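This is coords-v8.cif. It holds mmCIF, C-alpha atoms.
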```cif
data_work
loop_
_atom_site.group_PDB
_atom_site.id
_atom_site.type_symbol
_atom_site.label_atom_id
_atom_site.label_comp_id
_atom_site.auth_asym_id
_atom_site.auth_seq_id
_atom_site.Cartn_x
_atom_site.Cartn_y
_atom_site.Cartn_z
ATOM 1 C CA MET A 34 2.830 29.648 5.443
ATOM 2 C CA GLU A 35 -0.330 27.582 4.932
ATOM 3 C CA GLU A 36 -1.509 25.545 7.912
ATOM 4 C CA THR A 37 -4.001 22.702 7.995
ATOM 5 C CA TRP A 38 -5.898 20.980 10.784
ATOM 6 C CA LEU A 39 -6.009 17.212 10.356
ATOM 7 C CA SER A 40 -7.611 14.336 12.200
ATOM 8 C CA LEU A 41 -8.265 10.641 11.686
ATOM 9 C CA GLY A 42 -11.785 9.394 11.124
ATOM 10 C CA THR A 43 -13.567 6.171 10.257
ATOM 11 C CA PHE A 44 -16.756 5.148 8.462
ATOM 12 C CA LYS A 45 -17.592 2.857 11.358
ATOM 13 C CA LYS A 46 -15.963 0.890 14.175
ATOM 14 C CA GLY A 47 -13.556 -1.743 12.890
ATOM 15 C CA TYR A 48 -12.834 0.068 9.610
ATOM 16 C CA PRO A 49 -9.391 1.565 8.848
ATOM 17 C CA ASP A 50 -8.945 5.251 9.666
ATOM 18 C CA ARG A 51 -8.790 7.935 6.986
ATOM 19 C CA VAL A 52 -7.044 11.287 7.193
ATOM 20 C CA LEU A 53 -9.525 14.162 7.257
ATOM 21 C CA LYS A 54 -8.965 17.883 6.718
ATOM 22 C CA LEU A 55 -10.697 20.247 9.168
ATOM 23 C CA LYS A 56 -11.354 23.990 9.229
ATOM 24 C CA LYS A 57 -10.929 24.035 13.015
ATOM 25 C CA PRO A 58 -9.943 21.509 15.712
ATOM 26 C CA LEU A 59 -12.582 19.055 16.912
ATOM 27 C CA SER A 60 -12.458 16.504 19.704
ATOM 28 C CA LYS A 61 -12.146 12.740 19.399
ATOM 29 C CA GLY A 62 -15.481 10.939 19.009
ATOM 30 C CA THR A 63 -17.183 13.808 17.148
ATOM 31 C CA TYR A 64 -19.519 12.871 14.271
ATOM 32 C CA VAL A 65 -18.694 15.040 11.246
ATOM 33 C CA LEU A 66 -20.064 15.508 7.748
ATOM 34 C CA ALA A 67 -17.215 15.401 5.209
ATOM 35 C CA GLU A 68 -16.975 15.811 1.460
ATOM 36 C CA LEU A 69 -14.878 13.169 -0.298
ATOM 37 C CA PRO A 70 -12.516 14.027 -3.199
ATOM 38 C CA GLU A 71 -15.030 12.505 -5.652
ATOM 39 C CA GLY A 72 -17.695 14.965 -4.463
ATOM 40 C CA ARG A 73 -20.104 12.860 -2.409
ATOM 41 C CA LYS A 74 -20.688 13.402 1.305
ATOM 42 C CA GLU A 75 -20.217 10.919 4.144
ATOM 43 C CA VAL A 76 -20.422 10.957 7.936
ATOM 44 C CA PHE A 77 -17.214 10.043 9.795
ATOM 45 C CA ILE A 78 -16.426 9.501 13.464
ATOM 46 C CA LEU A 79 -13.182 11.213 14.538
ATOM 47 C CA THR A 80 -10.914 8.604 16.109
ATOM 48 C CA GLU A 81 -8.126 10.986 17.151
ATOM 49 C CA CYS A 82 -7.754 14.547 18.423
ATOM 50 C CA SER A 83 -7.078 17.209 15.786
ATOM 51 C CA TYR A 84 -3.510 18.297 15.075
ATOM 52 C CA LYS A 85 -2.020 21.103 13.030
ATOM 53 C CA VAL A 86 0.510 20.672 10.206
ATOM 54 C CA PRO A 87 2.432 23.579 8.579
ATOM 55 C CA ILE A 88 1.465 22.628 5.004
ATOM 56 C CA GLU A 89 -1.588 22.620 2.757
ATOM 57 C CA VAL A 90 -2.912 19.085 2.251
ATOM 58 C CA LYS A 91 -4.984 18.214 -0.819
ATOM 59 C CA GLY A 92 -6.820 15.180 -2.150
ATOM 60 C CA ILE A 93 -8.339 14.036 1.169
ATOM 61 C CA PRO A 94 -11.891 14.281 2.613
ATOM 62 C CA VAL A 95 -12.722 17.772 3.891
ATOM 63 C CA VAL A 96 -14.837 18.126 7.041
ATOM 64 C CA LEU A 97 -17.662 20.562 6.349
ATOM 65 C CA ARG A 98 -19.102 20.710 9.870
ATOM 66 C CA LYS A 99 -20.310 18.636 12.797
ATOM 67 C CA ALA A 100 -23.050 16.199 11.838
ATOM 68 C CA ASN A 101 -26.508 17.132 13.125
ATOM 69 C CA ALA A 102 -28.905 14.769 14.921
ATOM 70 C CA LYS A 103 -30.712 13.787 11.686
ATOM 71 C CA GLU A 104 -27.433 12.995 9.913
ATOM 72 C CA ILE A 105 -26.227 10.894 12.833
ATOM 73 C CA GLU A 106 -29.525 8.983 12.784
ATOM 74 C CA ASP A 107 -29.182 8.416 9.013
ATOM 75 C CA PHE A 108 -25.597 7.289 9.588
ATOM 76 C CA GLU A 109 -26.740 4.636 12.089
ATOM 77 C CA LYS A 110 -29.409 3.446 9.624
ATOM 78 C CA LYS A 111 -26.734 3.214 6.925
ATOM 79 C CA ILE A 112 -24.640 0.967 9.177
ATOM 80 C CA GLU A 113 -27.665 -1.278 9.812
ATOM 81 C CA LEU A 114 -28.276 -1.473 6.048
ATOM 82 C CA GLU A 115 -24.659 -2.545 5.449
ATOM 83 C CA GLU A 116 -24.971 -5.305 8.042
ATOM 84 C CA LYS A 117 -28.243 -6.479 6.525
ATOM 85 C CA GLY A 118 -26.667 -6.365 3.041
ATOM 86 C CA TRP A 119 -23.775 -8.524 4.269
ATOM 87 C CA GLU A 120 -26.198 -11.155 5.609
ATOM 88 C CA TYR A 121 -28.261 -11.146 2.410
ATOM 89 C CA CYS A 122 -25.190 -11.406 0.175
ATOM 90 C CA GLU A 123 -23.774 -14.408 2.006
ATOM 91 C CA GLN A 124 -27.189 -16.097 2.107
ATOM 92 C CA PHE A 125 -27.949 -15.576 -1.611
ATOM 93 C CA ALA A 126 -24.415 -16.511 -2.697
ATOM 94 C CA LYS A 127 -24.710 -19.785 -0.806
ATOM 95 C CA GLU A 128 -28.136 -20.529 -2.295
ATOM 96 C CA LEU A 129 -26.856 -19.780 -5.828
ATOM 97 C CA GLY A 130 -23.668 -21.828 -5.343
ATOM 98 C CA ILE A 131 -21.387 -18.822 -5.858
ATOM 99 C CA GLU A 132 -17.946 -19.237 -4.294
ATOM 100 C CA MET A 133 -16.798 -15.818 -3.162
ATOM 101 C CA ASN A 134 -15.260 -14.208 -0.103
ATOM 102 C CA LEU A 135 -17.098 -11.062 0.956
ATOM 103 C CA VAL A 136 -14.608 -8.481 2.248
ATOM 104 C CA ARG A 137 -16.595 -5.322 2.847
ATOM 105 C CA VAL A 138 -19.982 -3.700 2.271
ATOM 106 C CA ASP A 139 -20.191 0.081 1.809
ATOM 107 C CA CYS A 140 -23.494 1.928 1.561
ATOM 108 C CA PHE A 141 -23.400 5.553 0.409
ATOM 109 C CA PHE A 142 -24.644 8.014 3.025
ATOM 110 C CA ASP A 143 -27.461 9.166 0.706
ATOM 111 C CA ARG A 144 -28.300 5.473 0.126
ATOM 112 C CA SER A 145 -28.040 5.898 -3.631
ATOM 113 C CA LYS A 146 -25.839 2.820 -3.942
ATOM 114 C CA ILE A 147 -24.418 -0.065 -1.936
ATOM 115 C CA ILE A 148 -21.094 -1.667 -2.941
ATOM 116 C CA PHE A 149 -20.071 -5.259 -2.175
ATOM 117 C CA TYR A 150 -16.298 -5.865 -2.258
ATOM 118 C CA TYR A 151 -15.270 -9.499 -2.676
ATOM 119 C CA THR A 152 -12.447 -11.804 -3.692
ATOM 120 C CA ALA A 153 -12.865 -14.938 -5.787
ATOM 121 C CA GLU A 154 -10.864 -17.408 -7.853
ATOM 122 C CA GLY A 155 -11.305 -16.087 -11.384
ATOM 123 C CA ARG A 156 -14.373 -14.251 -12.640
ATOM 124 C CA ILE A 157 -17.869 -15.175 -11.454
ATOM 125 C CA ASP A 158 -21.346 -14.579 -12.887
ATOM 126 C CA PHE A 159 -23.138 -12.548 -10.218
ATOM 127 C CA ARG A 160 -26.079 -11.291 -12.327
ATOM 128 C CA GLN A 161 -28.644 -13.360 -10.449
ATOM 129 C CA LEU A 162 -27.035 -12.400 -7.137
ATOM 130 C CA VAL A 163 -27.388 -8.701 -8.022
ATOM 131 C CA LYS A 164 -31.073 -9.223 -8.860
ATOM 132 C CA GLU A 165 -31.701 -10.924 -5.510
ATOM 133 C CA LEU A 166 -29.867 -8.201 -3.588
ATOM 134 C CA ALA A 167 -31.694 -5.396 -5.457
ATOM 135 C CA ARG A 168 -35.025 -7.047 -4.691
ATOM 136 C CA ALA A 169 -34.190 -7.446 -0.984
ATOM 137 C CA LEU A 170 -32.535 -4.056 -0.386
ATOM 138 C CA ARG A 171 -34.365 -1.944 -3.009
ATOM 139 C CA MET A 172 -31.146 -0.124 -3.880
ATOM 140 C CA ARG A 173 -28.664 0.160 -6.704
ATOM 141 C CA ILE A 174 -26.190 -2.729 -6.290
ATOM 142 C CA GLU A 175 -22.535 -2.766 -7.355
ATOM 143 C CA MET A 176 -20.239 -5.805 -7.093
ATOM 144 C CA ARG A 177 -16.475 -5.147 -7.081
ATOM 145 C CA GLN A 178 -13.971 -7.964 -7.336
ATOM 146 C CA ILE A 179 -10.695 -6.921 -5.716
ATOM 147 C CA GLY A 180 -7.169 -8.274 -5.363
ATOM 148 C CA VAL A 181 -5.273 -9.192 -2.215
ATOM 149 C CA ARG A 182 -3.613 -5.769 -1.859
ATOM 150 C CA THR A 183 -6.939 -3.936 -2.022
ATOM 151 C CA GLU A 184 -8.426 -6.486 0.388
ATOM 152 C CA THR A 185 -5.711 -5.642 2.925
ATOM 153 C CA THR A 186 -6.400 -1.930 2.404
ATOM 154 C CA LEU A 187 -10.090 -2.371 3.205
ATOM 155 C CA ILE A 188 -9.568 -4.641 6.212
ATOM 156 C CA GLY A 189 -6.616 -2.733 7.710
ATOM 157 C CA GLY A 190 -4.248 -3.927 10.408
ATOM 158 C CA ILE A 191 -0.881 -3.373 12.076
ATOM 159 C CA GLY A 192 2.354 -3.821 10.122
ATOM 160 C CA TYR A 193 5.757 -5.132 11.192
ATOM 161 C CA CYS A 194 6.724 -1.560 12.092
ATOM 162 C CA GLY A 195 4.004 -1.459 14.747
ATOM 163 C CA LYS A 196 1.945 1.116 12.849
ATOM 164 C CA GLU A 197 -1.279 0.903 10.836
ATOM 165 C CA PHE A 198 -0.888 -0.406 7.293
ATOM 166 C CA CYS A 199 0.201 2.403 4.950
ATOM 167 C CA CYS A 200 -2.289 1.212 2.320
ATOM 168 C CA ALA A 201 -5.154 1.511 4.810
ATOM 169 C CA LYS A 202 -4.057 4.806 6.332
ATOM 170 C CA PHE A 203 -2.842 7.153 3.611
ATOM 171 C CA LEU A 204 -1.779 5.557 0.312
ATOM 172 C CA SER A 205 -4.091 6.611 -2.508
ATOM 173 C CA GLN A 206 -2.565 4.233 -5.059
ATOM 174 C CA PHE A 207 -0.101 1.346 -5.167
ATOM 175 C CA ALA A 208 3.401 1.960 -6.515
ATOM 176 C CA PRO A 209 5.005 -0.685 -8.776
ATOM 177 C CA LEU A 210 7.322 -2.883 -6.693
ATOM 178 C CA SER A 211 10.112 -5.282 -7.652
ATOM 179 C CA ILE A 212 12.659 -7.560 -6.037
ATOM 180 C CA LYS A 213 15.339 -5.327 -7.586
ATOM 181 C CA MET A 214 14.272 -2.525 -5.206
ATOM 182 C CA ALA A 215 14.880 -4.819 -2.236
ATOM 183 C CA LYS A 216 18.270 -5.834 -3.651
ATOM 184 C CA ASP A 217 19.287 -2.207 -4.235
ATOM 185 C CA GLN A 218 18.498 -1.421 -0.592
ATOM 186 C CA GLY A 219 20.461 -4.407 0.727
ATOM 187 C CA LEU A 220 17.392 -6.031 2.283
ATOM 188 C CA ILE A 221 17.383 -9.692 3.239
ATOM 189 C CA LEU A 222 15.573 -11.490 0.416
ATOM 190 C CA ASP A 223 13.363 -13.505 2.727
ATOM 191 C CA PRO A 224 9.654 -13.480 1.740
ATOM 192 C CA ASN A 225 8.716 -13.382 5.425
ATOM 193 C CA LYS A 226 10.683 -10.151 5.912
ATOM 194 C CA ILE A 227 9.969 -8.188 2.733
ATOM 195 C CA SER A 228 6.313 -9.066 2.115
ATOM 196 C CA GLY A 229 3.222 -7.813 3.905
ATOM 197 C CA PRO A 230 0.134 -9.660 5.155
ATOM 198 C CA CYS A 231 -1.283 -9.388 1.634
ATOM 199 C CA GLY A 232 1.510 -11.673 0.399
ATOM 200 C CA ARG A 233 2.989 -8.951 -1.833
ATOM 201 C CA LEU A 234 6.144 -6.862 -1.409
ATOM 202 C CA LEU A 235 5.966 -4.230 1.336
ATOM 203 C CA CYS A 236 4.715 -0.879 0.019
ATOM 204 C CA CYS A 237 7.365 0.948 2.069
ATOM 205 C CA ILE A 238 10.130 -0.553 -0.104
ATOM 206 C CA ALA A 239 9.236 2.109 -2.671
ATOM 207 C CA TYR A 240 9.638 5.029 -0.249
ATOM 208 C CA GLU A 241 13.458 5.148 -0.338
ATOM 209 C CA GLU A 242 14.002 3.794 -3.836
ATOM 210 C CA ASP A 243 14.812 7.210 -5.374
ATOM 211 C CA PHE A 244 17.259 7.944 -2.541
ATOM 212 C CA TYR A 245 19.145 4.679 -3.106
ATOM 213 C CA LYS A 246 19.153 5.227 -6.875
ATOM 214 C CA GLU A 247 20.711 8.653 -6.444
ATOM 215 C CA ILE A 248 23.351 7.451 -3.967
ATOM 216 C CA LEU A 249 24.337 4.347 -5.961
ATOM 217 C CA GLU A 250 24.024 5.845 -9.438
ATOM 218 C CA ASN A 251 27.756 5.833 -10.178
ATOM 219 C CA PHE A 252 28.633 2.624 -8.337
ATOM 220 C CA PRO A 253 28.779 -0.899 -9.806
ATOM 221 C CA LYS A 254 25.717 -3.048 -9.183
ATOM 222 C CA PRO A 255 25.637 -5.959 -6.700
ATOM 223 C CA GLY A 256 26.806 -9.107 -8.454
ATOM 224 C CA THR A 257 29.610 -7.281 -10.285
ATOM 225 C CA LYS A 258 33.018 -9.032 -10.244
ATOM 226 C CA ILE A 259 35.676 -6.883 -8.576
ATOM 227 C CA LYS A 260 39.466 -7.431 -8.529
ATOM 228 C CA VAL A 261 41.346 -6.554 -5.359
ATOM 229 C CA GLU A 262 45.102 -7.212 -5.443
ATOM 230 C CA GLU A 263 44.687 -9.676 -8.327
ATOM 231 C CA LYS A 264 41.984 -11.619 -6.482
ATOM 232 C CA THR A 265 38.425 -11.689 -7.816
ATOM 233 C CA TYR A 266 35.489 -10.896 -5.554
ATOM 234 C CA LYS A 267 31.766 -10.599 -6.110
ATOM 235 C CA LEU A 268 30.098 -7.407 -4.932
ATOM 236 C CA LEU A 269 27.411 -8.491 -2.454
ATOM 237 C CA LYS A 270 25.820 -5.273 -1.197
ATOM 238 C CA TYR A 271 26.355 -1.730 0.092
ATOM 239 C CA ASN A 272 25.814 -0.195 3.484
ATOM 240 C CA ILE A 273 25.281 3.386 2.361
ATOM 241 C CA PHE A 274 25.081 4.711 5.922
ATOM 242 C CA GLN A 275 28.486 3.330 6.913
ATOM 243 C CA ARG A 276 29.747 3.900 3.335
ATOM 244 C CA ILE A 277 30.979 0.294 3.100
ATOM 245 C CA ALA A 278 30.799 -2.275 0.279
ATOM 246 C CA TYR A 279 30.717 -6.013 1.023
ATOM 247 C CA LEU A 280 32.760 -8.263 -1.277
ATOM 248 C CA GLU A 281 32.858 -12.081 -1.295
ATOM 249 C CA SER A 282 35.570 -14.320 -2.733
ATOM 250 C CA LYS A 283 35.027 -17.744 -4.308
ATOM 251 C CA GLU A 284 36.148 -19.274 -1.013
ATOM 252 C CA GLY A 285 33.457 -17.380 0.893
ATOM 253 C CA GLU A 286 35.815 -14.793 2.390
ATOM 254 C CA ILE A 287 34.050 -11.483 3.104
ATOM 255 C CA LEU A 288 35.983 -8.291 2.463
ATOM 256 C CA LEU A 289 34.804 -4.835 3.562
ATOM 257 C CA VAL A 290 35.892 -1.972 1.314
ATOM 258 C CA PRO A 291 35.091 1.773 1.555
ATOM 259 C CA MET A 292 32.515 2.636 -1.105
ATOM 260 C CA GLU A 293 34.672 5.421 -2.546
ATOM 261 C CA LYS A 294 37.352 2.831 -3.341
ATOM 262 C CA ILE A 295 34.925 0.661 -5.295
ATOM 263 C CA LYS A 296 34.813 3.166 -8.172
ATOM 264 C CA ASP A 297 38.566 2.775 -8.705
ATOM 265 C CA LEU A 298 38.355 -1.014 -8.491
ATOM 266 C CA LYS A 299 35.557 -1.031 -11.028
ATOM 267 C CA GLU A 300 37.763 0.791 -13.547
ATOM 268 C CA GLU A 301 40.341 -1.987 -13.315
ATOM 269 C CA ILE A 302 37.898 -4.527 -14.761
ATOM 270 C CA THR A 303 36.021 -2.310 -17.224
ATOM 271 C CA LEU A 304 37.727 -3.976 -20.211
ATOM 272 C CA GLU A 305 36.954 -7.432 -18.831
ATOM 273 C CA ARG A 306 33.284 -6.548 -18.429
ATOM 274 C CA GLU A 307 33.172 -5.122 -21.955
ATOM 275 C CA MET A 308 34.534 -8.416 -23.315
ATOM 276 C CA GLU A 309 31.903 -10.348 -21.392
ATOM 277 C CA GLU A 310 29.218 -8.243 -23.102
ATOM 278 C CA VAL A 311 30.767 -8.984 -26.512
ATOM 279 C CA PHE A 312 30.675 -12.742 -25.881
ATOM 280 C CA LYS A 313 27.113 -12.424 -24.620
ATOM 281 C CA ASP A 314 26.101 -10.661 -27.842
ATOM 282 C CA LEU A 315 27.746 -13.395 -29.887
ATOM 283 C CA GLU A 316 25.834 -16.100 -28.013
ATOM 284 C CA GLU A 317 22.557 -14.288 -28.656
ATOM 285 C CA GLU A 318 23.301 -14.108 -32.375
#
```
Can you turn what I pasted into structure tokens?
Amino acid sequence: MEETWLSLGTFKKGYPDRVLKLKKPLSKGTYVLAELPEGRKEVFILTECSYKVPIEVKGIPVVLRKANAKEIEDFEKKIELEEKGWEYCEQFAKELGIEMNLVRVDCFFDRSKIIFYYTAEGRIDFRQLVKELARALRMRIEMRQIGVRTETTLIGGIGYCGKEFCCAKFLSQFAPLSIKMAKDQGLILDPNKISGPCGRLLCCIAYEEDFYKEILENFPKPGTKIKVEEKTYKLLKYNIFQRIAYLESKEGEILLVPMEKIKDLKEEITLEREMEEVFKDLEEE
């Protein structure tokens, strides 16, 4: 069985951690030279002790070795250059009347390029800003406008679960999210409970979506009208762990029914539902 040593590392203090792959365990606080998936090299500071996992992990930065004294010195100079770039960018943007919110500045370890991540209302013309920055820093400049989800990824933070944001810690791309996922999982449809600090739906809603789809595949969807002893109820939600379905009458009465029984109840109104679809088709015509 393949085994991998992993650790968490950061570009610099205050930045979100990234998962790093190691050839051997190294202690917390060690400066390491790592190769990123895209091929370039960067220096990281290990923020946690190394730990072993019984699987092969791919697509993450690979630690090549401990950073030497020269590389650590270059790393510190890179940090200083990022801070100077931040100051210049804010100063020039203000002078040019550009309304933008600078989120992060990343300088490549080899100093071949420096990237400015920002948010702004709509698109902005930053050509003159790039010229001013290139003149002041004497480097290749790249401006990247990002959305609120990417902004949260770059800034990092602690989620409602008490752990570091998934997007900042390990997610490599954002999965499509919808309110339907929250409904399928019986979550309370309160924006304060199902959205993250970025103002979008929580990324973790997607983690169990396939599981819920598989479990509920042959059950009627929430909102379906169900007849129980000649009385009509609306199917509110499922509790798949207790195997219970929640039904609500027109009077607001809540009825709990075993999920296995719902399939039989659904069959009783199949014809009625088919007729509703016919009338719906007629209205559309």
Please enumerate the residues selected by the PyMOL selection byres ((chain A and resi 150-159) around 8) when evaluated against the supplied file, formatted as a list in words.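 Against this file, the PyMOL selection byres ((chain A and resi 150-159) around 8) returns the residues Ile131, Glu132, Met133, Asn134, Leu135, Val136, Arg137, Val138, Ile148, Phe149, Arg160, Gln161, Leu162, Val163, Met176, Arg177, Gln178, Ile179, Gly180, Val181 and Glu184 of chain A.
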Students should find that atom CA of Leu79 of chain A and atom CA of Trp119 of chain A are spaced 24.6 Å
Calculate how many Å separate atom CA of Gly192 of chain A from atom CA of Pro230 of chain A, rounding to one decimal.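 Atom-to-atom, atom CA of Gly192 of chain A and atom CA of Pro230 of chain A are spaced 8.0 Å apart.
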By how many Å are atom CA of Glu89 of chain A and atom CA of Lys61 of chain A apart? 22.0 Å
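Residues with any atom within 8 Å of Leu66 of chain A, counting all atoms listed in the file and excluding same-chain neighbours fewer than 3 positions away, are Lys74, Glu75, Val76, Phe77, Val96, Leu97, Arg98, Lys99 and Ala100 of chain A.
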List the residues matched by the PyMOL selection byres ((chain A and resi 143) around 12) in the displayed structure as a ChimeraX atom specification, ordered by chain and then by residue number. /A:73-76,104,107-108,110-111,114,139-142,144-147,172-173
Nearest to Leu220 of chain A, restricted to all atoms listed in the file and choosing among A:Lys45, A:Lys270, A:Leu69, A:Gly256, comes out as A:Lys270
Can you give me, as a list in words, the residues this file yields under the PyMOL selection byres ((chain A and resi 277) around 6)?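 Selection result, ordered by chain and number: Tyr271, Asn272, Gln275, Arg276, Ala278, Val290, Pro291 and Met292 of chain A.
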Would you mind telling me which residue in A:Tyr64, A:Ile273, A:Gly72, A:Tyr84 lies nearest to Glu106 of chain A when using all atoms listed in the file?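 Of the candidates, the smallest distance to Glu106 of chain A is held by A:Tyr64.
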Counting all atoms listed in the file, the option among A:Ala215, A:Leu170, A:Lys283, A:Leu235 closest to Arg182 of chain A: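 Ranked by minimum distance to Arg182 of chain A, first place goes to A:Leu235.
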